[in-house]
>>> print(open('entry31.pdb').read())   # PDB, C-alpha atoms
ATOM      1  CA  MET A   1      17.756 -51.461   2.987
ATOM      2  CA  ILE A   2      17.394 -49.073   0.061
ATOM      3  CA  GLY A   3      19.697 -50.100  -2.771
ATOM      4  CA  PRO A   4      20.439 -49.110  -6.361
ATOM      5  CA  SER A   5      17.850 -50.006  -8.963
ATOM      6  CA  GLU A   6      18.101 -53.469 -10.424
ATOM      7  CA  PRO A   7      19.114 -53.730 -14.103
ATOM      8  CA  MET A   8      16.175 -52.923 -16.377
ATOM      9  CA  PRO A   9      15.773 -52.875 -20.181
ATOM     10  CA  LYS A  10      16.524 -49.504 -21.771
ATOM     11  CA  VAL A  11      13.108 -49.557 -23.456
ATOM     12  CA  ILE A  12      11.663 -48.409 -20.119
ATOM     13  CA  GLY A  13      12.797 -44.937 -21.151
ATOM     14  CA  ALA A  14      13.202 -43.526 -17.649
ATOM     15  CA  SER A  15      15.465 -43.713 -14.639
ATOM     16  CA  VAL A  16      14.539 -46.554 -12.320
ATOM     17  CA  PRO A  17      14.124 -45.385  -8.711
ATOM     18  CA  LYS A  18      15.943 -46.945  -5.784
ATOM     19  CA  THR A  19      13.898 -49.540  -3.923
ATOM     20  CA  ASN A  20      13.999 -51.580  -0.744
ATOM     21  CA  ASN A  21      15.834 -54.405  -2.487
ATOM     22  CA  THR A  22      19.042 -54.983  -0.537
ATOM     23  CA  GLU A  23      20.146 -56.722   2.609
ATOM     24  CA  LEU A  24      23.291 -55.523   4.337
ATOM     25  CA  LYS A  25      25.305 -56.766   7.275
ATOM     26  CA  GLY A  26      27.360 -54.329   9.308
ATOM     27  CA  THR A  27      29.974 -55.330  11.852
ATOM     28  CA  GLY A  28      32.305 -53.250  13.927
ATOM     29  CA  LEU A  29      33.848 -52.475  17.248
ATOM     30  CA  GLU A  30      34.647 -49.428  19.300
ATOM     31  CA  PHE A  31      37.345 -48.902  21.899
ATOM     32  CA  SER A  32      37.564 -46.026  24.347
ATOM     33  CA  LEU A  33      40.213 -45.214  26.911
ATOM     34  CA  LEU A  34      40.072 -42.436  29.491
ATOM     35  CA  TYR A  35      42.940 -41.514  31.789
ATOM     36  CA  LYS A  36      42.996 -38.834  34.459
ATOM     37  CA  GLY A  37      45.821 -37.660  36.640
ATOM     38  CA  SER A  38      47.120 -34.748  38.669
ATOM     39  CA  VAL A  39      50.337 -33.396  40.094
ATOM     40  CA  LYS A  40      49.514 -30.941  42.890
ATOM     41  CA  ASP A  41      47.577 -28.114  41.182
ATOM     42  CA  PHE A  42      48.143 -29.475  37.687
ATOM     43  CA  HIS A  43      45.286 -31.675  36.430
ATOM     44  CA  TYR A  44      45.264 -33.512  33.103
ATOM     45  CA  GLN A  45      43.110 -35.927  31.154
ATOM     46  CA  ALA A  46      43.431 -37.970  27.968
ATOM     47  CA  ASN A  47      40.493 -39.540  26.139
ATOM     48  CA  ILE A  48      41.060 -41.802  23.107
ATOM     49  CA  ASN A  49      38.315 -43.366  21.009
ATOM     50  CA  VAL A  50      38.878 -45.786  18.111
ATOM     51  CA  ALA A  51      36.120 -47.311  15.969
ATOM     52  CA  HIS A  52      36.000 -49.818  13.108
ATOM     53  CA  HIS A  53      33.019 -50.576  10.877
ATOM     54  CA  LYS A  54      32.490 -52.792   7.833
ATOM     55  CA  GLU A  55      29.391 -53.315   5.711
ATOM     56  CA  VAL A  56      28.838 -56.225   3.335
ATOM     57  CA  VAL A  57      25.956 -56.744   0.909
ATOM     58  CA  THR A  58      24.353 -60.095   1.766
ATOM     59  CA  LYS A  59      21.433 -60.068  -0.674
ATOM     60  CA  TYR A  60      20.865 -58.220  -3.948
ATOM     61  CA  TYR A  61      19.373 -59.269  -7.264
ATOM     62  CA  ASN A  62      22.225 -59.086  -9.737
ATOM     63  CA  PRO A  63      22.035 -62.207 -11.915
ATOM     64  CA  LYS A  64      24.802 -61.065 -14.279
ATOM     65  CA  GLY A  65      27.221 -60.352 -11.441
ATOM     66  CA  LEU A  66      27.916 -56.760 -12.491
ATOM     67  CA  PHE A  67      30.444 -55.266 -10.082
ATOM     68  CA  ASN A  68      29.853 -51.570 -10.797
ATOM     69  CA  GLY A  69      26.839 -51.681  -8.461
ATOM     70  CA  TYR A  70      25.777 -53.961  -5.638
ATOM     71  CA  TYR A  71      26.345 -57.710  -5.619
ATOM     72  CA  GLU A  72      26.216 -60.350  -2.909
ATOM     73  CA  GLY A  73      29.481 -60.268  -0.966
ATOM     74  CA  LYS A  74      30.423 -56.744  -1.953
ATOM     75  CA  VAL A  75      32.183 -54.729   0.739
ATOM     76  CA  LEU A  76      30.856 -51.196   0.541
ATOM     77  CA  GLY A  77      33.465 -48.751  -0.695
ATOM     78  CA  GLU A  78      35.263 -51.121  -3.076
ATOM     79  CA  ILE A  79      37.360 -49.442  -5.760
ATOM     80  CA  TRP A  80      38.025 -51.409  -8.927
ATOM     81  CA  GLY A  81      40.821 -50.458 -11.259
ATOM     82  CA  PHE A  82      43.945 -51.530 -13.111
ATOM     83  CA  GLU A  83      47.210 -52.487 -11.453
ATOM     84  CA  THR A  84      49.901 -50.115 -12.687
ATOM     85  CA  VAL A  85      53.180 -51.649 -13.834
ATOM     86  CA  GLY A  86      54.872 -48.288 -14.413
ATOM     87  CA  PHE A  87      55.720 -45.961 -17.261
ATOM     88  CA  ILE A  88      56.487 -47.057 -20.796
ATOM     89  CA  ASN A  89      60.122 -45.963 -20.720
ATOM     90  CA  ASP A  90      61.519 -47.467 -23.922
ATOM     91  CA  GLU A  91      60.566 -48.783 -27.345
ATOM     92  CA  GLU A  92      61.175 -52.389 -26.321
ATOM     93  CA  THR A  93      58.543 -52.133 -23.575
ATOM     94  CA  LEU A  94      56.140 -50.405 -25.945
ATOM     95  CA  ASN A  95      56.495 -53.185 -28.524
ATOM     96  CA  THR A  96      56.371 -56.175 -26.141
ATOM     97  CA  MET A  97      53.854 -55.175 -23.471
ATOM     98  CA  ALA A  98      50.206 -56.267 -23.473
ATOM     99  CA  ASP A  99      48.008 -54.541 -26.051
ATOM    100  CA  GLN A 100      46.188 -51.588 -24.437
ATOM    101  CA  THR A 101      44.449 -50.253 -27.540
ATOM    102  CA  GLN A 102      41.047 -51.531 -26.423
ATOM    103  CA  LEU A 103      41.229 -48.891 -23.688
ATOM    104  CA  HIS A 104      42.674 -46.000 -25.704
ATOM    105  CA  SER A 105      44.726 -45.470 -28.828
ATOM    106  CA  GLY A 106      48.027 -43.719 -29.395
ATOM    107  CA  TRP A 107      50.104 -45.201 -26.579
ATOM    108  CA  GLY A 108      53.685 -43.973 -26.497
ATOM    109  CA  LEU A 109      56.722 -43.396 -24.336
ATOM    110  CA  GLY A 110      55.852 -41.773 -21.023
ATOM    111  CA  ASP A 111      52.378 -43.312 -20.892
ATOM    112  CA  ILE A 112      51.153 -45.791 -18.291
ATOM    113  CA  GLN A 113      51.556 -49.551 -18.611
ATOM    114  CA  TYR A 114      48.922 -51.743 -16.949
ATOM    115  CA  LYS A 115      49.342 -55.293 -15.692
ATOM    116  CA  ASP A 116      47.889 -58.129 -17.748
ATOM    117  CA  GLN A 117      46.036 -59.944 -14.957
ATOM    118  CA  ASN A 118      44.670 -62.838 -16.991
ATOM    119  CA  GLY A 119      47.687 -63.305 -19.246
ATOM    120  CA  ASP A 120      45.821 -63.039 -22.544
ATOM    121  CA  GLY A 121      48.113 -60.318 -23.898
ATOM    122  CA  VAL A 122      45.336 -57.715 -24.077
ATOM    123  CA  ILE A 123      44.292 -55.174 -21.450
ATOM    124  CA  THR A 124      40.497 -54.930 -21.286
ATOM    125  CA  ARG A 125      37.656 -54.036 -18.951
ATOM    126  CA  GLY A 126      36.020 -57.384 -19.665
ATOM    127  CA  SER A 127      32.256 -57.473 -19.498
ATOM    128  CA  GLY A 128      32.164 -55.674 -16.149
ATOM    129  CA  THR A 129      31.159 -58.809 -14.263
ATOM    130  CA  LEU A 130      32.708 -60.838 -11.476
ATOM    131  CA  ASP A 131      33.157 -63.748 -13.879
ATOM    132  CA  ASP A 132      34.727 -61.567 -16.563
ATOM    133  CA  PRO A 133      36.393 -58.488 -15.029
ATOM    134  CA  GLY A 134      39.028 -58.342 -17.744
ATOM    135  CA  ASP A 135      42.152 -56.947 -16.130
ATOM    136  CA  LEU A 136      40.305 -54.964 -13.469
ATOM    137  CA  ILE A 137      40.848 -55.895  -9.831
ATOM    138  CA  ARG A 138      39.919 -54.483  -6.440
ATOM    139  CA  ILE A 139      42.641 -51.947  -5.730
ATOM    140  CA  GLY A 140      41.268 -50.209  -2.646
ATOM    141  CA  ASN A 141      38.324 -49.141  -0.545
ATOM    142  CA  SER A 142      36.938 -45.678   0.091
ATOM    143  CA  MET A 143      35.621 -46.583   3.559
ATOM    144  CA  PRO A 144      38.092 -46.163   6.446
ATOM    145  CA  ASP A 145      39.404 -49.218   8.251
ATOM    146  CA  PHE A 146      39.173 -47.182  11.434
ATOM    147  CA  THR A 147      38.464 -43.695  12.730
ATOM    148  CA  TYR A 148      39.724 -42.164  15.932
ATOM    149  CA  ASN A 149      39.462 -39.129  18.188
ATOM    150  CA  ILE A 150      41.907 -37.875  20.797
ATOM    151  CA  ILE A 151      40.986 -35.263  23.376
ATOM    152  CA  LEU A 152      43.654 -33.869  25.698
ATOM    153  CA  THR A 153      42.809 -31.437  28.493
ATOM    154  CA  ALA A 154      44.770 -29.821  31.299
ATOM    155  CA  ASP A 155      44.323 -27.023  33.815
ATOM    156  CA  TYR A 156      46.571 -25.236  36.288
ATOM    157  CA  LYS A 157      45.559 -22.469  38.693
ATOM    158  CA  GLY A 158      42.925 -20.965  36.434
ATOM    159  CA  PHE A 159      44.690 -21.681  33.143
ATOM    160  CA  ASP A 160      43.228 -24.395  30.951
ATOM    161  CA  MET A 161      43.950 -26.077  27.634
ATOM    162  CA  ARG A 162      41.981 -28.430  25.426
ATOM    163  CA  VAL A 163      43.242 -30.131  22.237
ATOM    164  CA  PHE A 164      41.018 -32.192  19.947
ATOM    165  CA  PHE A 165      42.477 -34.462  17.256
ATOM    166  CA  ARG A 166      40.490 -36.390  14.651
ATOM    167  CA  GLY A 167      41.746 -38.944  12.175
ATOM    168  CA  ALA A 168      41.089 -41.914   9.910
ATOM    169  CA  GLY A 169      43.246 -44.768   8.680
ATOM    170  CA  GLY A 170      43.161 -47.326   5.888
ATOM    171  CA  ILE A 171      41.071 -45.172   3.562
ATOM    172  CA  ASP A 172      41.599 -44.768  -0.193
ATOM    173  CA  TRP A 173      40.385 -42.108  -2.604
ATOM    174  CA  TRP A 174      40.367 -41.960  -6.370
ATOM    175  CA  PRO A 175      40.590 -38.413  -7.789
ATOM    176  CA  GLY A 176      38.184 -39.166 -10.602
ATOM    177  CA  SER A 177      35.091 -37.643 -12.155
ATOM    178  CA  GLY A 178      33.285 -35.285  -9.802
ATOM    179  CA  GLN A 179      36.164 -35.253  -7.322
ATOM    180  CA  GLY A 180      39.426 -34.283  -8.948
ATOM    181  CA  ASN A 181      37.927 -33.866 -12.385
ATOM    182  CA  ARG A 182      34.933 -31.616 -13.126
ATOM    183  CA  ASN A 183      33.776 -33.677 -16.092
ATOM    184  CA  TRP A 184      35.113 -35.232 -19.275
ATOM    185  CA  THR A 185      35.958 -32.016 -21.078
ATOM    186  CA  THR A 186      37.045 -29.380 -18.568
ATOM    187  CA  ASP A 187      39.954 -28.856 -16.214
ATOM    188  CA  ASP A 188      41.324 -31.807 -14.281
ATOM    189  CA  VAL A 189      42.873 -30.500 -11.103
ATOM    190  CA  PHE A 190      44.696 -33.662 -10.054
ATOM    191  CA  PHE A 191      46.243 -34.583 -13.395
ATOM    192  CA  GLY A 192      46.566 -31.007 -14.602
ATOM    193  CA  ASN A 193      45.387 -31.353 -18.178
ATOM    194  CA  SER A 194      42.183 -32.066 -20.002
ATOM    195  CA  SER A 195      40.653 -32.975 -23.314
ATOM    196  CA  SER A 196      40.338 -29.361 -24.373
ATOM    197  CA  TYR A 197      42.980 -26.803 -25.283
ATOM    198  CA  TRP A 198      41.667 -24.248 -22.788
ATOM    199  CA  GLY A 199      40.711 -26.459 -19.833
ATOM    200  CA  HIS A 200      44.099 -27.013 -18.175
ATOM    201  CA  ALA A 201      44.875 -26.490 -14.506
ATOM    202  CA  ASN A 202      48.625 -26.947 -14.202
ATOM    203  CA  LEU A 203      50.083 -26.655 -10.712
ATOM    204  CA  VAL A 204      53.609 -26.912  -9.322
ATOM    205  CA  ASP A 205      53.080 -30.638  -8.643
ATOM    206  CA  HIS A 206      52.586 -31.244 -12.355
ATOM    207  CA  LEU A 207      56.154 -30.180 -13.125
ATOM    208  CA  ASP A 208      57.163 -33.652 -11.946
ATOM    209  CA  HIS A 209      56.024 -35.382 -15.132
ATOM    210  CA  TRP A 210      57.688 -37.986 -17.329
ATOM    211  CA  THR A 211      60.319 -36.877 -19.799
ATOM    212  CA  PRO A 212      63.067 -38.883 -21.514
ATOM    213  CA  GLU A 213      65.373 -37.570 -18.774
ATOM    214  CA  ASN A 214      62.925 -38.073 -15.881
ATOM    215  CA  HIS A 215      61.738 -41.677 -15.762
ATOM    216  CA  ASN A 216      61.111 -41.510 -12.010
ATOM    217  CA  ALA A 217      58.466 -38.804 -12.287
ATOM    218  CA  TYR A 218      55.142 -38.979 -10.485
ATOM    219  CA  TYR A 219      52.958 -37.996 -13.432
ATOM    220  CA  PRO A 220      52.989 -39.419 -16.965
ATOM    221  CA  ARG A 221      54.047 -37.363 -19.960
ATOM    222  CA  ALA A 222      52.201 -34.102 -20.452
ATOM    223  CA  LEU A 223      49.477 -34.406 -23.061
ATOM    224  CA  VAL A 224      47.494 -31.602 -24.628
ATOM    225  CA  SER A 225      44.656 -32.458 -26.952
ATOM    226  CA  GLY A 226      41.557 -30.978 -28.441
ATOM    227  CA  HIS A 227      40.313 -34.249 -29.856
ATOM    228  CA  GLY A 228      37.957 -36.008 -27.481
ATOM    229  CA  TYR A 229      39.449 -38.266 -24.829
ATOM    230  CA  ILE A 230      42.929 -38.797 -26.262
ATOM    231  CA  SER A 231      44.673 -37.032 -23.386
ATOM    232  CA  ARG A 232      42.723 -39.126 -20.854
ATOM    233  CA  ARG A 233      44.595 -42.318 -21.672
ATOM    234  CA  ASN A 234      46.670 -42.280 -18.479
ATOM    235  CA  ARG A 235      43.802 -41.502 -16.140
ATOM    236  CA  ASP A 236      41.936 -44.778 -15.909
ATOM    237  CA  VAL A 237      41.334 -45.861 -12.319
ATOM    238  CA  GLN A 238      44.620 -47.496 -11.335
ATOM    239  CA  SER A 239      46.832 -48.366  -8.404
ATOM    240  CA  LYS A 240      49.543 -45.768  -9.096
ATOM    241  CA  TYR A 241      47.316 -42.754  -8.580
ATOM    242  CA  LEU A 242      44.989 -44.225  -5.983
ATOM    243  CA  GLN A 243      45.397 -41.828  -3.092
ATOM    244  CA  ASN A 244      45.988 -42.637   0.555
ATOM    245  CA  ARG A 245      43.414 -40.460   2.326
ATOM    246  CA  ALA A 246      44.454 -41.381   5.875
ATOM    247  CA  PHE A 247      44.969 -38.334   8.058
ATOM    248  CA  LEU A 248      45.415 -36.939  11.524
ATOM    249  CA  ARG A 249      44.172 -33.397  12.077
ATOM    250  CA  MET A 250      44.195 -31.048  15.017
ATOM    251  CA  LYS A 251      40.566 -30.011  14.808
ATOM    252  CA  ASN A 252      40.705 -27.555  17.687
ATOM    253  CA  ILE A 253      43.052 -26.191  20.285
ATOM    254  CA  GLN A 254      41.940 -23.766  22.940
ATOM    255  CA  PHE A 255      43.695 -21.893  25.720
ATOM    256  CA  GLY A 256      41.757 -20.127  28.428
ATOM    257  CA  TYR A 257      42.031 -18.383  31.752
ATOM    258  CA  THR A 258      39.313 -18.203  34.397
ATOM    259  CA  PHE A 259      39.617 -15.202  36.679
ATOM    260  CA  PRO A 260      39.676 -15.918  40.434
ATOM    261  CA  ALA A 261      36.274 -15.600  42.090
ATOM    262  CA  LYS A 262      37.659 -13.052  44.545
ATOM    263  CA  TRP A 263      38.203 -10.722  41.574
ATOM    264  CA  THR A 264      34.824 -11.215  39.937
ATOM    265  CA  LYS A 265      32.318 -11.555  42.770
ATOM    266  CA  PRO A 266      32.646  -7.913  43.927
ATOM    267  CA  ALA A 267      31.450  -7.005  40.432
ATOM    268  CA  LEU A 268      28.509  -9.461  40.786
ATOM    269  CA  ILE A 269      30.111 -11.803  38.252
ATOM    270  CA  GLN A 270      29.942 -15.489  39.125
ATOM    271  CA  ASN A 271      32.421 -16.576  36.522
ATOM    272  CA  ALA A 272      34.599 -14.901  33.884
ATOM    273  CA  ARG A 273      36.839 -16.677  31.388
ATOM    274  CA  VAL A 274      38.824 -15.439  28.395
ATOM    275  CA  TYR A 275      40.087 -17.753  25.669
ATOM    276  CA  VAL A 276      41.767 -18.034  22.307
ATOM    277  CA  SER A 277      40.996 -20.872  19.916
ATOM    278  CA  GLY A 278      42.308 -22.310  16.661
ATOM    279  CA  GLU A 279      40.706 -24.808  14.264
ATOM    280  CA  ASN A 280      42.335 -27.051  11.639
ATOM    281  CA  LEU A 281      45.793 -25.731  12.440
ATOM    282  CA  LEU A 282      47.757 -28.934  11.791
ATOM    283  CA  THR A 283      47.114 -31.754   9.340
ATOM    284  CA  PHE A 284      49.238 -34.853   8.743
ATOM    285  CA  THR A 285      48.414 -36.718   5.538
ATOM    286  CA  LYS A 286      49.960 -38.178   2.385
ATOM    287  CA  LEU A 287      47.042 -37.084   0.200
ATOM    288  CA  ARG A 288      48.234 -34.853  -2.636
ATOM    289  CA  MET A 289      46.686 -31.421  -3.256
ATOM    290  CA  PHE A 290      43.317 -31.967  -1.597
ATOM    291  CA  ASP A 291      41.935 -31.704   1.914
ATOM    292  CA  PRO A 292      41.660 -35.259   3.345
ATOM    293  CA  GLU A 293      38.336 -34.522   5.052
ATOM    294  CA  THR A 294      36.768 -32.877   2.015
ATOM    295  CA  PRO A 295      38.684 -34.071  -1.066
ATOM    296  CA  GLY A 296      37.632 -32.820  -4.459
ATOM    297  CA  LEU A 297      36.591 -29.624  -6.167
ATOM    298  CA  ILE A 298      35.177 -27.873  -3.121
ATOM    299  CA  TYR A 299      36.689 -25.389  -0.700
ATOM    300  CA  PRO A 300      38.964 -27.151   1.802
ATOM    301  CA  LEU A 301      38.442 -26.709   5.514
ATOM    302  CA  GLN A 302      40.082 -23.456   6.522
ATOM    303  CA  LYS A 303      42.268 -22.529   9.454
ATOM    304  CA  VAL A 304      40.261 -20.380  11.860
ATOM    305  CA  PHE A 305      41.516 -18.287  14.760
ATOM    306  CA  SER A 306      39.112 -16.848  17.293
ATOM    307  CA  GLY A 307      38.916 -15.506  20.807
ATOM    308  CA  GLY A 308      36.303 -14.458  23.294
ATOM    309  CA  ILE A 309      35.160 -13.994  26.836
ATOM    310  CA  ASN A 310      32.502 -15.909  28.760
ATOM    311  CA  VAL A 311      30.821 -14.062  31.602
ATOM    312  CA  THR A 312      28.219 -15.495  33.963
ATOM    313  CA  PHE A 313      26.331 -13.125  36.273
TER     314      PHE A 313
END
>>> encode(input="entry31.pdb", output="structure tokens")
Amino acid sequence: MIGPSEPMPKVIGASVPKTNNTELKGTGLEFSLLYKGSVKDFHYQANINVAHHKEVVTKYYNPKGLFNGYYEGKVLGEIWGFETVGFINDEETLNTMADQTQLHSGWGLGDIQYKDQNGDGVITRGSGTLDDPGDLIRIGNSMPDFTYNIILTADYKGFDMRVFFRGAGGIDWWPGSGQGNRNWTTDDVFFGNSSSYWGHANLVDHLDHWTPENHNAYYPRALVSGHGYISRRNRDVQSKYLQNRAFLRMKNIQFGYTFPAKWTKPALIQNARVYVSGENLLTFTKLRMFDPETPGLIYPLQKVFSGGINVTF
């Protein structure tokens, strides 16, 4: 299959194109269940479909074992990051925790504390390889463990209803660059602040930030900076802010009525049906702020109401 370009010396001076350099193995299963029933003039049907798919890289030239691209054994969708211990709530923690200054400088109360995975007393990104990942670990996967659809239909003496649900489970999402963050210097929607004085996007959610009186906050202390990446110190990819993107959404619900043939045939109409329809009316998810189907800095899927009439002559 087509894979990312293999590592090349920078003296090439150009971007290396993707090539047919990868072998991938995909496995999965799909389950479907259909049930029909009726009670006198009331007819109903339920159709459920569940699918699972997993893809693993089985061959790719990566002699250094870099994990930010493809490597043999990689499960597509892997998210690497730090394991979050919690907030730095007191001076004792600040003075005794692992040294995080190789990531950023200026750590203080209300900032994030990361777990020292290798026990060397220093939090690092290592060399970015499988043999030396520093304190980075696999914290999630952006590919769903399973997807599912549910279709429910019913009709009774000319009245009909159809409901379509769609969902996904076991899917993670990191609100990072290009998704919850435009770039390194402008507004960061998820975290609410940026590296510039004028690029902030504070929302109601951001009121729940760390203060000396609020150690159980969701967000770290509020930081405002105009000096490079100082205010980005709490936004490294990490387990605390890795988002659960699982969802169940009512994609469509429609109610209709088909007029009796004895009413329509005198007017030379074979069939006439009126209906009202709604799309994306209900969504169940734990994802913060964003639309689970289209997370990031794009317009979310909107609720749509419509109606119409179908006439066949």
>>> residues_near_point(input="entry31.pdb", point="(51.2, -47.2, -23.0)", cutoff="7 Å", atoms="all atoms listed in the file", output="PyMOL selection string")
chain A and resi 88+94+100+107-109+111-113
>>> residues_around(input="entry31.pdb", residues="segment 298-313 of chain A", least_positions_apart="3", cutoff="7 Å", atoms="all atoms listed in the file", output="list in words")
Leu268, Ile269, Gln270, Asn271, Ala272, Arg273, Val274, Tyr275, Val276, Ser277, Gly278, Glu279, Asn280, Leu281, Asp291 and Thr294 of chain A
>>> resolve_selection(input="entry31.pdb", expression="the PyMOL selection byres ((chain A and resi 251) around 9)", output="short mmCIF file (atom, residue, chain, number, x, y, z; two decimals) with C-alpha atoms, in the frame of the given file")
data_model
loop_
_atom_site.label_atom_id
_atom_site.label_comp_id
_atom_site.auth_asym_id
_atom_site.auth_seq_id
_atom_site.Cartn_x
_atom_site.Cartn_y
_atom_site.Cartn_z
CA VAL A 163 43.24 -30.13 22.24
CA PHE A 164 41.02 -32.19 19.95
CA PHE A 165 42.48 -34.46 17.26
CA ARG A 166 40.49 -36.39 14.65
CA ARG A 249 44.17 -33.40 12.08
CA MET A 250 44.20 -31.05 15.02
CA ASN A 252 40.70 -27.56 17.69
CA ILE A 253 43.05 -26.19 20.28
CA GLY A 278 42.31 -22.31 16.66
CA GLU A 279 40.71 -24.81 14.26
CA ASN A 280 42.34 -27.05 11.64
CA LEU A 281 45.79 -25.73 12.44
CA LEU A 282 47.76 -28.93 11.79
CA THR A 283 47.11 -31.75 9.34
#
>>> resolve_selection(input="entry31.pdb", expression="the PyMOL selection byres ((chain A and resi 209) around 12)", output="list in words")
Phe87, Gly110, Asp111, Ile112, Phe191, Gly192, Asn193, Asn202, Leu203, Val204, Asp205, His206, Leu207, Asp208, Trp210, Thr211, Pro212, Glu213, Asn214, His215, Asn216, Ala217, Tyr218, Tyr219, Pro220, Arg221, Ala222 and Leu223 of chain A
>>> residues_around(input="entry31.pdb", residues="Ile79 of chain A", least_positions_apart="4", cutoff="8 Å", atoms="only C-alpha atoms", output="PyMOL selection string")
chain A and resi 138-142
>>> resolve_selection(input="entry31.pdb", expression="the PyMOL selection byres ((chain A and resi 33) around 12)", output="ChimeraX atom specification")
/A:30-32,34-36,45-51,148-152
>>> write_last_selection(input="entry31.pdb", atoms="C-alpha atoms", output="PDB file, keeping the file's coordinate frame")
ATOM      1  CA  GLU A  30      34.647 -49.428  19.300  1.00  0.00           C
ATOM      2  CA  PHE A  31      37.345 -48.902  21.899  1.00  0.00           C
ATOM      3  CA  SER A  32      37.564 -46.026  24.347  1.00  0.00           C
ATOM      4  CA  LEU A  34      40.072 -42.436  29.491  1.00  0.00           C
ATOM      5  CA  TYR A  35      42.940 -41.514  31.789  1.00  0.00           C
ATOM      6  CA  LYS A  36      42.996 -38.834  34.459  1.00  0.00           C
ATOM      7  CA  GLN A  45      43.110 -35.927  31.154  1.00  0.00           C
ATOM      8  CA  ALA A  46      43.431 -37.970  27.968  1.00  0.00           C
ATOM      9  CA  ASN A  47      40.493 -39.540  26.139  1.00  0.00           C
ATOM     10  CA  ILE A  48      41.060 -41.802  23.107  1.00  0.00           C
ATOM     11  CA  ASN A  49      38.315 -43.366  21.009  1.00  0.00           C
ATOM     12  CA  VAL A  50      38.878 -45.786  18.111  1.00  0.00           C
ATOM     13  CA  ALA A  51      36.120 -47.311  15.969  1.00  0.00           C
ATOM     14  CA  TYR A 148      39.724 -42.164  15.932  1.00  0.00           C
ATOM     15  CA  ASN A 149      39.462 -39.129  18.188  1.00  0.00           C
ATOM     16  CA  ILE A 150      41.907 -37.875  20.797  1.00  0.00           C
ATOM     17  CA  ILE A 151      40.986 -35.263  23.376  1.00  0.00           C
ATOM     18  CA  LEU A 152      43.654 -33.869  25.698  1.00  0.00           C
TER      19      LEU A 152
END
>>> atom_distance(input="entry31.pdb", atom1="atom CA of Gly69 of chain A", atom2="atom CA of Ser5 of chain A")
9.2 Å
>>> residues_around(input="entry31.pdb", residues="Asn20 of chain A", least_positions_apart="5", cutoff="10 Å", atoms="all atoms listed in the file", output="NGL selection string")
:A and (1-5)
>>> atom_distance(input="entry31.pdb", atom1="atom CA of Phe146 of chain A", atom2="atom CA of Gly170 of chain A")
6.8 Å
>>> atom_distance(input="entry31.pdb", atom1="atom CA of Met8 of chain A", atom2="atom CA of Asp135 of chain A")
26.3 Å
